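Enquirer: To be precise about what I am sending: the file is called coords-v9.cif and holds mmCIF, C-alpha atoms.
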data_start
loop_
_atom_site.label_atom_id
_atom_site.label_comp_id
_atom_site.auth_asym_id
_atom_site.auth_seq_id
_atom_site.Cartn_x
_atom_site.Cartn_y
_atom_site.Cartn_z
CA MET A 1 64.95 58.92 118.19
CA SER A 2 65.66 59.26 114.48
CA GLU A 3 68.86 57.92 112.99
CA PHE A 4 71.11 58.18 109.98
CA ASN A 5 71.60 54.60 108.78
CA ASN A 6 74.38 52.94 106.81
CA VAL A 7 76.80 55.83 107.27
CA SER A 8 80.39 56.37 108.34
CA VAL A 9 81.25 58.66 111.25
CA VAL A 10 84.60 60.34 111.71
CA LYS A 11 85.77 59.53 115.25
CA GLU A 12 87.54 62.83 115.90
CA ALA A 13 85.31 65.80 116.69
CA ASN A 14 85.46 69.16 114.97
CA ILE A 15 86.12 71.62 117.79
CA TYR A 16 85.62 75.40 117.51
CA PHE A 17 85.46 78.31 119.93
CA GLU A 18 87.26 76.45 122.74
CA GLY A 19 84.75 73.61 122.56
CA LYS A 20 81.65 75.79 122.80
CA VAL A 21 80.82 74.70 119.24
CA THR A 22 81.58 71.11 118.27
CA SER A 23 80.46 68.71 115.59
CA ARG A 24 80.89 65.19 114.25
CA THR A 25 81.13 64.46 110.54
CA VAL A 26 78.77 61.86 109.04
CA ILE A 27 79.55 60.49 105.57
CA PHE A 28 76.73 59.02 103.48
CA PRO A 29 76.99 56.15 100.96
CA ASP A 30 76.95 58.68 98.07
CA GLY A 31 79.97 60.46 99.57
CA SER A 32 77.99 63.48 100.76
CA ARG A 33 78.58 64.78 104.29
CA LYS A 34 76.60 66.31 107.09
CA THR A 35 77.73 67.39 110.52
CA LEU A 36 75.87 66.79 113.77
CA GLY A 37 76.77 69.64 116.06
CA LEU A 38 76.20 71.41 119.34
CA MET A 39 76.47 75.08 120.19
CA LEU A 40 76.63 76.30 123.77
CA PRO A 41 75.32 79.75 124.62
CA GLY A 42 77.47 82.51 123.12
CA GLU A 43 78.00 84.59 119.99
CA TYR A 44 79.72 83.00 117.01
CA THR A 45 80.50 84.02 113.45
CA PHE A 46 80.83 81.22 110.90
CA ASN A 47 82.13 81.34 107.36
CA THR A 48 80.67 79.03 104.74
CA GLY A 49 82.33 77.34 101.79
CA SER A 50 79.38 75.46 100.31
CA ALA A 51 75.88 76.71 100.99
CA GLU A 52 74.52 75.19 104.20
CA LEU A 53 71.18 74.07 105.55
CA MET A 54 71.14 74.33 109.35
CA GLU A 55 68.36 72.25 110.92
CA ILE A 56 67.98 72.99 114.62
CA LEU A 57 66.90 69.88 116.55
CA SER A 58 66.66 71.65 119.89
CA GLY A 59 67.75 74.96 121.36
CA GLU A 60 67.28 78.67 120.78
CA MET A 61 69.25 81.33 118.95
CA THR A 62 69.07 84.44 116.84
CA VAL A 63 70.79 84.45 113.47
CA VAL A 64 72.01 87.33 111.33
CA LEU A 65 72.17 86.15 107.73
CA PRO A 66 74.10 87.81 104.91
CA GLY A 67 72.21 90.69 103.33
CA SER A 68 69.73 90.94 106.18
CA PRO A 69 70.61 93.22 109.07
CA ASP A 70 67.85 91.98 111.36
CA PRO A 71 68.40 88.98 113.61
CA VAL A 72 65.93 86.13 113.07
CA ALA A 73 64.82 84.02 116.05
CA ILE A 74 65.28 80.29 115.43
CA LYS A 75 64.39 77.45 117.77
CA GLY A 76 64.27 73.66 117.83
CA GLY A 77 62.26 72.27 114.89
CA GLU A 78 63.18 75.19 112.64
CA ALA A 79 65.88 75.60 110.00
CA PHE A 80 67.71 78.23 107.98
CA GLU A 81 69.90 78.30 104.88
CA VAL A 82 73.16 80.14 104.39
CA PRO A 83 74.58 81.01 100.96
CA GLU A 84 77.97 79.70 99.81
CA ASN A 85 81.10 81.75 100.50
CA SER A 86 79.40 83.96 103.03
CA SER A 87 79.27 84.37 106.77
CA PHE A 88 76.56 84.37 109.38
CA LYS A 89 76.41 85.35 113.02
CA VAL A 90 74.62 83.29 115.64
CA ASN A 91 73.71 84.34 119.16
CA VAL A 92 72.90 81.08 120.95
CA THR A 93 70.72 81.55 124.03
CA ALA A 94 70.05 77.89 124.89
CA VAL A 95 72.21 74.82 124.16
CA SER A 96 71.46 73.99 120.54
CA ASP A 97 71.68 70.63 118.78
CA TYR A 98 71.85 70.85 114.99
CA ILE A 99 72.31 69.03 111.69
CA CYS A 100 74.31 70.93 109.06
CA SER A 101 73.90 69.80 105.45
CA PHE A 102 76.15 71.08 102.68
CA LEU A 103 74.05 72.04 99.67
CA MET B 1 90.94 60.71 110.33
CA SER B 2 89.66 57.33 111.41
CA GLU B 3 86.03 56.39 110.96
CA PHE B 4 83.38 54.00 112.14
CA ASN B 5 81.93 52.48 108.96
CA ASN B 6 78.53 50.95 108.20
CA VAL B 7 76.93 52.29 111.36
CA SER B 8 73.81 54.18 112.38
CA VAL B 9 74.00 57.46 114.25
CA VAL B 10 71.23 58.85 116.42
CA LYS B 11 70.57 62.41 115.25
CA GLU B 12 69.71 63.86 118.65
CA ALA B 13 72.64 64.53 120.99
CA ASN B 14 72.88 63.33 124.57
CA ILE B 15 73.30 66.53 126.58
CA TYR B 16 74.55 66.64 130.20
CA PHE B 17 75.78 69.33 132.59
CA GLU B 18 74.16 72.17 130.62
CA GLY B 19 75.93 71.09 127.44
CA LYS B 20 79.41 70.95 128.95
CA VAL B 21 79.32 67.19 128.35
CA THR B 22 77.63 65.93 125.18
CA SER B 23 77.70 62.79 123.10
CA ARG B 24 76.29 61.12 119.99
CA THR B 25 75.22 57.50 119.97
CA VAL B 26 76.66 55.22 117.28
CA ILE B 27 74.97 51.85 116.67
CA PHE B 28 76.97 49.02 115.10
CA PRO B 29 75.66 46.25 112.80
CA ASP B 30 75.68 43.78 115.72
CA GLY B 31 73.46 46.14 117.75
CA SER B 32 76.23 47.24 120.11
CA ARG B 33 76.59 50.94 120.86
CA LYS B 34 79.34 53.43 121.52
CA THR B 35 79.12 57.12 122.18
CA LEU B 36 81.36 59.79 120.70
CA GLY B 37 81.53 62.58 123.24
CA LEU B 38 83.06 65.84 124.29
CA MET B 39 83.75 67.21 127.74
CA LEU B 40 84.52 70.86 128.35
CA PRO B 41 86.67 71.87 131.31
CA GLY B 42 84.93 71.23 134.63
CA GLU B 43 84.29 68.57 137.27
CA TYR B 44 81.76 65.86 136.55
CA THR B 45 80.58 62.71 138.30
CA PHE B 46 79.20 59.95 136.08
CA ASN B 47 77.32 56.82 137.04
CA THR B 48 77.76 53.67 134.98
CA GLY B 49 75.25 50.94 134.17
CA SER B 50 77.40 48.64 132.05
CA ALA B 51 81.15 48.71 132.50
CA GLU B 52 82.72 51.33 130.23
CA LEU B 53 85.92 51.77 128.29
CA MET B 54 86.72 55.46 127.89
CA GLU B 55 89.22 56.13 125.09
CA ILE B 56 90.43 59.73 125.11
CA LEU B 57 91.15 60.96 121.57
CA SER B 58 92.37 64.38 122.67
CA GLY B 59 92.30 66.46 125.82
CA GLU B 60 93.45 66.29 129.44
CA MET B 61 91.80 65.28 132.69
CA THR B 62 92.26 63.61 136.02
CA VAL B 63 89.99 60.71 136.92
CA VAL B 64 89.06 59.27 140.29
CA LEU B 65 88.00 55.66 139.79
CA PRO B 66 85.98 53.56 142.24
CA GLY B 67 88.11 51.98 144.95
CA SER B 68 91.07 54.26 144.27
CA PRO B 69 91.24 57.54 146.15
CA ASP B 70 94.04 59.01 144.04
CA PRO B 71 93.27 60.90 140.83
CA VAL B 72 94.94 59.50 137.72
CA ALA B 73 96.09 61.88 134.97
CA ILE B 74 94.75 60.89 131.54
CA LYS B 75 95.41 62.59 128.22
CA GLY B 76 94.72 62.14 124.52
CA GLY B 77 95.80 58.69 123.32
CA GLU B 78 95.13 57.07 126.70
CA ALA B 79 92.15 55.14 128.05
CA PHE B 80 90.59 53.92 131.27
CA GLU B 81 87.95 51.40 132.26
CA VAL B 82 85.13 51.88 134.74
CA PRO B 83 83.32 48.96 136.43
CA GLU B 84 79.58 48.41 135.98
CA ASN B 85 77.15 50.01 138.42
CA SER B 86 79.72 52.39 139.82
CA SER B 87 80.62 56.03 139.53
CA PHE B 88 83.69 57.98 138.58
CA LYS B 89 84.70 61.59 138.91
CA VAL B 90 86.47 63.49 136.14
CA ASN B 91 88.21 66.83 136.39
CA VAL B 92 88.61 67.98 132.77
CA THR B 93 91.37 70.54 132.29
CA ALA B 94 91.37 70.75 128.47
CA VAL B 95 88.50 70.10 126.05
CA SER B 96 88.38 66.33 125.71
CA ASP B 97 87.13 64.23 122.81
CA TYR B 98 86.30 60.62 123.70
CA ILE B 99 84.88 57.30 122.58
CA CYS B 100 82.89 55.45 125.23
CA SER B 101 82.38 51.70 124.68
CA PHE B 102 80.00 49.68 126.81
CA LEU B 103 81.66 46.41 127.88
#
Once you've parsed the file, please lay out its structure as structure tokens.

Expert:
Amino acid sequence: MSEFNNVSVVKEANIYFEGKVTSRTVIFPDGSRKTLGLMLPGEYTFNTGSAELMEILSGEMTVVLPGSPDPVAIKGGEAFEVPENSSFKVNVTAVSDYICSFL
Amino acid sequence: MSEFNNVSVVKEANIYFEGKVTSRTVIFPDGSRKTLGLMLPGEYTFNTGSAELMEILSGEMTVVLPGSPDPVAIKGGEAFEVPENSSFKVNVTAVSDYICSFL
């Protein structure tokens, strides 16, 4: 099991889509943040502020990224990036555990 | 937003009941652990090893504790304790965010 060390964690969860997507915010010593999240099966559209790196620890989904009409299959061990101020659509087909980094 | 500071967080989630109950493990400088978890609506039975303190940050549920046949209503801001090596049944009626401490 890998860990983030010497961090702060916000106690309260971030809860979206009636709890089908949730995350916890981790704050690093340099002030940067990541979220550790879970997505249950379903279709979700997310809007980004900063650009994001989504690392999928486990699970399965297809992702439609801005500017690309074709869904891309993503599974545990893979990752994708999303541009700032954009949106992306995810169709989660198996419970997915992720790390989101703000770039 | 309150935080746990100077901790480690295990990246991989703990996933139960097809993702309807999930948690993240937080490790404190003294080696003790808590989990930050979420329960979606549904009925769940949990078995304890150590005794547990369940602090509910938000949400609503009824809990049937060992030795007490009557369900107890618990909501955000409340807490309950569960003895070691026992089991308890939770009927979650609104998405519930919790901190579990091992006593």

Enquirer: Going by the chain IDs and residue numbers used in this file, which residues fall under the PyMOL selection byres ((chain A and resi 65) around 9)? Write them as a list in words.

Expert: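 So the PyMOL selection byres ((chain A and resi 65) around 9) ends up selecting Val63, Val64, Pro66, Gly67, Ser68, Pro69, Asp70, Pro71, Val72, Glu81, Val82, Pro83, Ser86, Ser87, Phe88, Lys89 and Val90 of chain A.
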
Enquirer: Have a look at A:Asp30, A:Glu12, A:Glu55, A:Glu84 and name the one nearest to chain B; count all atoms listed in the file.

Expert: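 Closest to chain B, using all atoms listed in the file: A:Glu12.
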
Enquirer: What is the atom CA of B:Arg33-atom CA of A:Ser96 distance in Å, reported with one decimal?

Expert: 23.6 Å

Enquirer: For each of B:Asn91, B:Ser32, B:Met54, B:Ile99, take the minimum atom-to-atom distance to A:Val10, counting all atoms listed in the file, then give the residue where this is smallest.

Expert: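 Among the listed residues, B:Ile99 lies closest to A:Val10.
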
Enquirer: Could you produce a table of the residues of chain B lying within 8 Å of chain A, with the nearest pair of atoms per residue and their separation in Å rounded to one decimal, using only C-alpha atoms, ordered by chain and increasing residue number, as JSON lines?

Expert:
{"residue": "B:Met1", "atom": "CA", "partner": "A:Val10", "partner_atom": "CA", "distance": 6.5}
{"residue": "B:Ser2", "atom": "CA", "partner": "A:Lys11", "partner_atom": "CA", "distance": 5.9}
{"residue": "B:Glu3", "atom": "CA", "partner": "A:Val10", "partner_atom": "CA", "distance": 4.3}
{"residue": "B:Phe4", "atom": "CA", "partner": "A:Val9", "partner_atom": "CA", "distance": 5.2}
{"residue": "B:Asn5", "atom": "CA", "partner": "A:Ser8", "partner_atom": "CA", "distance": 4.2}
{"residue": "B:Asn6", "atom": "CA", "partner": "A:Asn6", "partner_atom": "CA", "distance": 4.8}
{"residue": "B:Val7", "atom": "CA", "partner": "A:Asn6", "partner_atom": "CA", "distance": 5.3}
{"residue": "B:Ser8", "atom": "CA", "partner": "A:Asn5", "partner_atom": "CA", "distance": 4.2}
{"residue": "B:Val9", "atom": "CA", "partner": "A:Phe4", "partner_atom": "CA", "distance": 5.2}
{"residue": "B:Val10", "atom": "CA", "partner": "A:Glu3", "partner_atom": "CA", "distance": 4.3}
{"residue": "B:Lys11", "atom": "CA", "partner": "A:Glu3", "partner_atom": "CA", "distance": 5.3}
{"residue": "B:Glu12", "atom": "CA", "partner": "A:Met1", "partner_atom": "CA", "distance": 6.9}
{"residue": "B:Ala13", "atom": "CA", "partner": "A:Asp97", "partner_atom": "CA", "distance": 6.6}
{"residue": "B:Glu18", "atom": "CA", "partner": "A:Val95", "partner_atom": "CA", "distance": 7.2}
{"residue": "B:Gly19", "atom": "CA", "partner": "A:Val95", "partner_atom": "CA", "distance": 6.2}
{"residue": "B:Lys20", "atom": "CA", "partner": "A:Leu40", "partner_atom": "CA", "distance": 7.9}
{"residue": "B:Leu36", "atom": "CA", "partner": "A:Lys11", "partner_atom": "CA", "distance": 7.0}
{"residue": "B:Leu38", "atom": "CA", "partner": "A:Ala13", "partner_atom": "CA", "distance": 7.9}
{"residue": "B:Leu40", "atom": "CA", "partner": "A:Gly19", "partner_atom": "CA", "distance": 6.4}
{"residue": "B:Leu57", "atom": "CA", "partner": "A:Glu12", "partner_atom": "CA", "distance": 7.0}
{"residue": "B:Val95", "atom": "CA", "partner": "A:Gly19", "partner_atom": "CA", "distance": 6.2}
{"residue": "B:Asp97", "atom": "CA", "partner": "A:Ala13", "partner_atom": "CA", "distance": 6.6}
{"residue": "B:Ile99", "atom": "CA", "partner": "A:Lys11", "partner_atom": "CA", "distance": 7.7}

Enquirer: Take the residues from that selection and put them in a file with C-alpha atoms, as a PDB file, in the frame of the given file.

Expert:
ATOM      1  CA  MET B   1      90.940  60.710 110.330  1.00  0.00           C
ATOM      2  CA  SER B   2      89.660  57.330 111.410  1.00  0.00           C
ATOM      3  CA  GLU B   3      86.030  56.390 110.960  1.00  0.00           C
ATOM      4  CA  PHE B   4      83.380  54.000 112.140  1.00  0.00           C
ATOM      5  CA  ASN B   5      81.930  52.480 108.960  1.00  0.00           C
ATOM      6  CA  ASN B   6      78.530  50.950 108.200  1.00  0.00           C
ATOM      7  CA  VAL B   7      76.930  52.290 111.360  1.00  0.00           C
ATOM      8  CA  SER B   8      73.810  54.180 112.380  1.00  0.00           C
ATOM      9  CA  VAL B   9      74.000  57.460 114.250  1.00  0.00           C
ATOM     10  CA  VAL B  10      71.230  58.850 116.420  1.00  0.00           C
ATOM     11  CA  LYS B  11      70.570  62.410 115.250  1.00  0.00           C
ATOM     12  CA  GLU B  12      69.710  63.860 118.650  1.00  0.00           C
ATOM     13  CA  ALA B  13      72.640  64.530 120.990  1.00  0.00           C
ATOM     14  CA  GLU B  18      74.160  72.170 130.620  1.00  0.00           C
ATOM     15  CA  GLY B  19      75.930  71.090 127.440  1.00  0.00           C
ATOM     16  CA  LYS B  20      79.410  70.950 128.950  1.00  0.00           C
ATOM     17  CA  LEU B  36      81.360  59.790 120.700  1.00  0.00           C
ATOM     18  CA  LEU B  38      83.060  65.840 124.290  1.00  0.00           C
ATOM     19  CA  LEU B  40      84.520  70.860 128.350  1.00  0.00           C
ATOM     20  CA  LEU B  57      91.150  60.960 121.570  1.00  0.00           C
ATOM     21  CA  VAL B  95      88.500  70.100 126.050  1.00  0.00           C
ATOM     22  CA  ASP B  97      87.130  64.230 122.810  1.00  0.00           C
ATOM     23  CA  ILE B  99      84.880  57.300 122.580  1.00  0.00           C
TER      24      ILE B  99
END

Enquirer: One decimal, in Å: what's the spacing between atom CA of B:Gly77 and atom CA of B:Gly59?

Expert: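 These two atoms are separated by 8.9 Å.
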
Enquirer: List the neighbours of A:Ser101 out to 6 Å using only C-alpha atoms; skip same-chain residues closer than 2 positions along the sequence, and give me the result as number ranges by chain.

Expert: A: 34, 52-53

Enquirer: Let me know the centre plus edge lengths, in Å and rounded to one decimal, of a box with edges along x, y and z that contains all listed atoms of stretch 86-90 of chain A and is padded by 4 Å on every side, as AutoDock Vina command-line options.

Expert:
--center_x 77.0 --center_y 84.3 --center_z 109.3 --size_x 12.8 --size_y 10.1 --size_z 20.6

Enquirer: Rounded to one decimal, what separation in Å do you get between atom CA of A:Thr45 and atom CA of A:Met61?

Expert: 12.8 Å

Enquirer: Step by step, work through what the PyMOL selection byres ((chain A and resi 49) around 6) selects in the shown file, and finish by giving those residues as a list in words.

Expert: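 For this structure, the PyMOL selection byres ((chain A and resi 49) around 6) resolves to Thr48, Ser50, Glu84 and Asn85 of chain A.
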